[in-house]
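Undergrad: Sharing a structure with you now.
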Amino acid sequence: MKRKLTVITILAMLPLIAAGILWLIYRDMERKITEANKEADRCT
Amino acid sequence: MKVTDSVCKMTIEDKDAAATSEYKGVKYYFCSKPCKEDFDKDPELFVGKSVMKMKEMISSTAKAIGEMAKDPICGMVIPKDRSIKRDVAGRTYYFCSENCVRTFEAPDAELKSMKRRVTIALTGVLVLAIFRAAVFLGLAAGATVLTWVPIPWLPWFTWGVWLFIITTPIMIFGGKGFFVGAWHAVKQRVANMDLLIALGTSTAYIYSAFVVFFPGVLPVEEKNVYFEVSAIIIAFVLLGKYMEEIIKKRSSAAIRKLLDLKPQTARVIRDNVEAEIPAESVMVDEIVIVRPGEKIPTDGIVIEGHSSVDEKMITGESVPVEKKAGDEVIGGTINKVGSFKFKAARVGADTTLSQIIKMVEEAQASSARIQRLADKMASYFVPAVIGVAFLSAIIWILSGNSTSALLSFVAVLIIACPCALGIATPAALMVGVGKGAELGILIRGAEYLERAEKLKAVVFDKTGTLTKGEPEVTEIVSVNSVSESEIIQLAAIAEKGSEHPLAEAIIKRASMMGLSIPDAEAFEAVPGHGVRVRASGKEIVIGNRRLMQNIGIDIKDKEVLISELERKGNTVMIIAINPPSPPLIKGGEGGLVGFIAVADTLKDNAEDVIKGLKDEGIEVVMLTGDNERTARAIGLKIGIERIISNVLPGDKAKVIKELQNEGKVVAMVGDGINDSPALAQADIGIAIGSGSDVAKETGEIILVRDDLMDVIKGIRLSRATMRKIKQNLFWAFFYNTIGIPIAAFGLLNPIIAAAAMALSSLSVVTNSALLKGVKI
């Protein structure tokens with residue numbers, strides 16, 4: 001029981017790590033889009 | 001019931017009316033209180049049919065009111081001080097009613113609601129993880145209360161109940177959209193991603209709830225709960241959808257920008273008095289006055305005066321067009337230097353600009369939403385999964401074990417829904433979009449990438465897209481041994497002070513050559529033909545053939561040369577000094593001195609881009625409102641064989657449609673308002689960053705830098721991102737597909753389910769991140 005729970009606990013944490021990485025990718029994209037938008041506004 | 005506001009003519013639902021009024025036993029509905037107030041002042045004006053009275057009313061209202069603004073939703077012109085104001089992104093918008101405010105804010109409202117649902121789902125998943133960690137640590141410390149063994153004083157309250165309590169709100173609030181989507185899919189007899197998610201999560205949830213509340217019914221080894229499967233799948237798919245929506249959010253304002261372009265007021269002559277009125281109140285055949293720098297309020301025919309008008313935004317013509325009596329003017333274009341009067345020919349919804357707005361709206365509404373790749377895969381996967389579930393159940397029944405039959409059926413459905421399905425597309429898209437932004441390419445949504453992969457034809461607008469959009473001196477031809485610098489100097493003296501783009505091109509060249517440009521002593525503009533000036537003891541004339549004929553300069557033997565320059569797409573300006581007729585300078589020796597060819601020049605790498613696209617197997621088409629001679633000259637220079645010239649804005653969209661009807665996935669690259677219907681009609685609208693705001697808002701891919709090579713880079717990036725999306729979908733389905741036979745054999749347990757979720761989500765995110773390193 002204890003071993004089973006340990007494995008499940010670790011595995012259940014992994015999607016959260018994936019969500020964390022996803023969030024970092026999202027923040028990076030947001031930053032780059034903001035910079036590109038500023039540049040686009042300057043171009044007009 | 002739909003009713004019309006008698007004052008502003010806006011159509012509203014009677015129940016949404018902001019105010020009502022009764023007159024002669026009839027009830028009238030209004031979109032806003034100001035409309036009701038106007039109506040109550042003199043109802044006869046609005047219920048009666050007298051046009052004269054209406055004119056009077058409009059004139060008097062226009063005189064009485066202060067600054068006007070246009071409601072960005074219904075287009076009604078309203079006094080700023082009596083409107084509802086909203087500040088968005090540093091800009092103030094004015095609305096006639098709360099209805100319009102709600103419509104304006106609707107896109108944000110949807111995003112906010114999605115954010116709420118994502119927050120609920122992710123918080124639930126986080127709480128579940130904290131609980132699980134607590135249980136794990138508790139067990140490690142020797143505690144047993146939160147296991148299947150009930151708490152002695154609360155016998156029914158087990159670990160499973162906790163999971164049920166945490167997961168239920170996620171299912172209800174987070175999963176609602178998927179259940180509705182699945183229901184629609186079932187009604188339309190199609191299998192999509194929503195159906196797969198609804199099937200997997202609801203089966204896992206209902207089965208787990210059954211285990212928790214009726215534990216005695218199932219054998220001990222089957223008493224596993226899968227609440228986390230439901231919670232994590234919903235949270236991930238919602239998160240993915242939310243992130244995709246954020247990327248799309250920036251593309252929702254195209255029509256608003258077009259409405260902004262419409263002039264708000266017009267100067268008309270009524271009862272022999274000049275009056276400023278809302279532009280929409282101009283009536284057909286009314287005389288409108290336009291002053292230098294003003295926007296032309298509506299379409300019409302010039303009756304008095306002359307000027308040059310910048311029509312680039314509507315027609316794509318880079319050089320301002322000379323307007324004199326009898327010429328047509330287009331509403332929304334900008335008058336440059338002169339003043340003129342024109343008779344309104346088309347007003348309101350019939351104007352060219354209104355027609356463009358209508359075309360953009362129609363093209364955007366009619367653009368068929370393509371079936372997303374994830375949905376396409378789900379459409380094959382769902383029937384296969386249901387088939388396997390039934391097959392395993394039948395085999396178990398035939399082997400005489402009906403309990404295992406039911407359990408294997410449920411287990412197959414639970415394991416079939418990949419946790420990473422929802423993030424497979426947005427994860428790759430976000431990296432792709434981020435990389436694009438770094439390269440100066442803004443991509444507005446995943447579906448455009450999916451379309452870009454199948455791209456067969458790219459249509460380029462000419463002015464401002466393939467060309468710089470600003471005329472430049474391309475050739476200087478000397479006659480009678482006059483030096484090039486002298487020709488440019490003479491032309492620059494004549495054109496100094498002129499705002500005409502052809503003149504600007506000459507002044508620019510003169511500055512580049514370091515020439516001094518003395519002021520002219522006398523100046524005479526010859527409308528539509530050129531100018532005559534007197535400077536440094538000479539008379540300088542610069543203009544077209546007709547001007548030369550009028551002043552007695554013979555250019556017959558140079559006709560071949562001029563025609564050749566024109567055939568190459570140039571506008572040729574002829575320069576002469578001291579002409580014989582009529583002589584301004586008596587006794588001066590003069591005649592023809594040379595020609596200056598001015599043309600809208602090609603962007604530096606236009607030729608390489610066209611070649612690059614052809615190498616990728618993409619057909620290239622040039623589309624322009626410009627004349628055939630200029631278009632063909634430019635097309636030949638850069639290697640475009642298919643050229644469609646003299647195209648009106650509406651016809652640009654039609655040409656795109658014709659190409660689409662040939663079965664091609666078409667991209668349109670453009671920069672002007674005249675391109676926006678075609679950008680909206682194309683499968684992928686690519687807007688140039690230096691172009692108009694409208695084109696940028698309508699386009700799905702925006703090239704921030706004014707570099708055409710980014711068209712190829714954008715297509716390559718789209719293809720690279722699509723490859724990642726496909727790989728992600730493979731990884732998303734891979735682990736769960738392995739789990740299906742395990743489930744069919746009745747061997748599914750929470751460890752396998754958790755492993756499938758963990759591995760698929762990590763594979764997808766890691767694989768997406770690898771896109772950062774791909775060279776474009």
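Numbering starts fresh at 1 for the residues of each chain in the structure tokens, the chains themselves are lettered A, B, ... in the order given, and ligands are numbered from 1 as they appear.
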Counting only C-alpha atoms, what is within 9 Å of region 16-25 of chain A, bar same-chain residues fewer than 2 positions away, as JSON, numbers by chain?

TA: {"A": [12, 13, 14, 27, 28, 29, 30], "B": [125, 126, 129, 232, 236, 239, 423, 427, 430, 431, 434, 758, 761, 762, 763, 764, 765, 766, 769]}

Undergrad: Which distance in Å separates CA of Ile702 (chain B) and CA of Lys611 (chain B), to one decimal?

TA: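 Separation of CA of Ile702 (chain B) and CA of Lys611 (chain B): 21.2 Å.
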
Undergrad: Show which residues sit within 9 Å of Leu11 (chain A), as a list in words. Count only C-alpha atoms, and ignore same-chain residues fewer than 3 positions away.

TA: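 Non-adjacent residues within range: Thr6, Val7, Ile8, Leu14 and Pro15 of chain A; Ile751, Ala754, Ala755, Ala756, Met757, Ala758 and Leu759 of chain B.
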
Undergrad: Would you save the residues of that selection, restricted to N, CA, C and O atoms, as a JSON list (two decimals), in the first residue's frame?

TA:
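File result.json, as written:
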[["chain", "number", "residue", "atom", "x", "y", "z"],
["A", 6, "THR", "N", 3.41, 5.76, -2.79],
["A", 6, "THR", "CA", 4.62, 6.54, -3.11],
["A", 6, "THR", "C", 4.74, 6.75, -4.62],
["A", 6, "THR", "O", 4.95, 7.86, -5.10],
["A", 7, "VAL", "N", 4.56, 5.63, -5.34],
["A", 7, "VAL", "CA", 4.67, 5.70, -6.81],
["A", 7, "VAL", "C", 3.61, 6.65, -7.38],
["A", 7, "VAL", "O", 3.90, 7.54, -8.19],
["A", 8, "ILE", "N", 2.37, 6.47, -6.92],
["A", 8, "ILE", "CA", 1.29, 7.33, -7.44],
["A", 8, "ILE", "C", 1.58, 8.79, -7.11],
["A", 8, "ILE", "O", 1.38, 9.69, -7.94],
["A", 14, "LEU", "N", 4.31, 14.70, -11.49],
["A", 14, "LEU", "CA", 4.94, 14.98, -12.79],
["A", 14, "LEU", "C", 4.10, 15.88, -13.71],
["A", 14, "LEU", "O", 4.65, 16.81, -14.31],
["A", 15, "PRO", "N", 2.78, 15.63, -13.85],
["A", 15, "PRO", "CA", 2.00, 16.55, -14.68],
["A", 15, "PRO", "C", 2.08, 18.00, -14.18],
["A", 15, "PRO", "O", 2.02, 18.94, -14.97],
["B", 751, "ILE", "N", -1.73, 3.33, -10.84],
["B", 751, "ILE", "CA", -0.32, 3.59, -11.16],
["B", 751, "ILE", "C", -0.16, 3.72, -12.67],
["B", 751, "ILE", "O", 0.48, 4.66, -13.17],
["B", 754, "ALA", "N", -1.72, 7.01, -13.79],
["B", 754, "ALA", "CA", -0.89, 8.16, -13.42],
["B", 754, "ALA", "C", 0.38, 8.20, -14.28],
["B", 754, "ALA", "O", 0.82, 9.28, -14.69],
["B", 755, "ALA", "N", 0.94, 7.02, -14.58],
["B", 755, "ALA", "CA", 2.16, 6.97, -15.40],
["B", 755, "ALA", "C", 1.88, 7.48, -16.81],
["B", 755, "ALA", "O", 2.67, 8.25, -17.37],
["B", 756, "ALA", "N", 0.73, 7.07, -17.36],
["B", 756, "ALA", "CA", 0.37, 7.53, -18.71],
["B", 756, "ALA", "C", 0.23, 9.05, -18.74],
["B", 756, "ALA", "O", 0.72, 9.73, -19.65],
["B", 757, "MET", "N", -0.42, 9.59, -17.69],
["B", 757, "MET", "CA", -0.61, 11.06, -17.62],
["B", 757, "MET", "C", 0.73, 11.78, -17.52],
["B", 757, "MET", "O", 0.99, 12.76, -18.21],
["B", 758, "ALA", "N", 1.57, 11.26, -16.60],
["B", 758, "ALA", "CA", 2.85, 11.92, -16.34],
["B", 758, "ALA", "C", 3.74, 11.88, -17.58],
["B", 758, "ALA", "O", 4.28, 12.91, -18.00],
["B", 759, "LEU", "N", 3.87, 10.69, -18.16],
["B", 759, "LEU", "CA", 4.78, 10.55, -19.30],
["B", 759, "LEU", "C", 4.30, 11.34, -20.51],
["B", 759, "LEU", "O", 5.08, 12.01, -21.19]]

Undergrad: Taking into account only C-alpha atoms, which residue in the set B:Asn767, B:Thr203, B:Asn570, B:Ser478 is nearest to chain A?

TA: B:Asn767

Undergrad: Find the residue from B:Leu703, B:Val482, B:Ala682, B:Ile742 that sits nearest to chain A; use only C-alpha atoms when measuring.

TA: B:Leu703
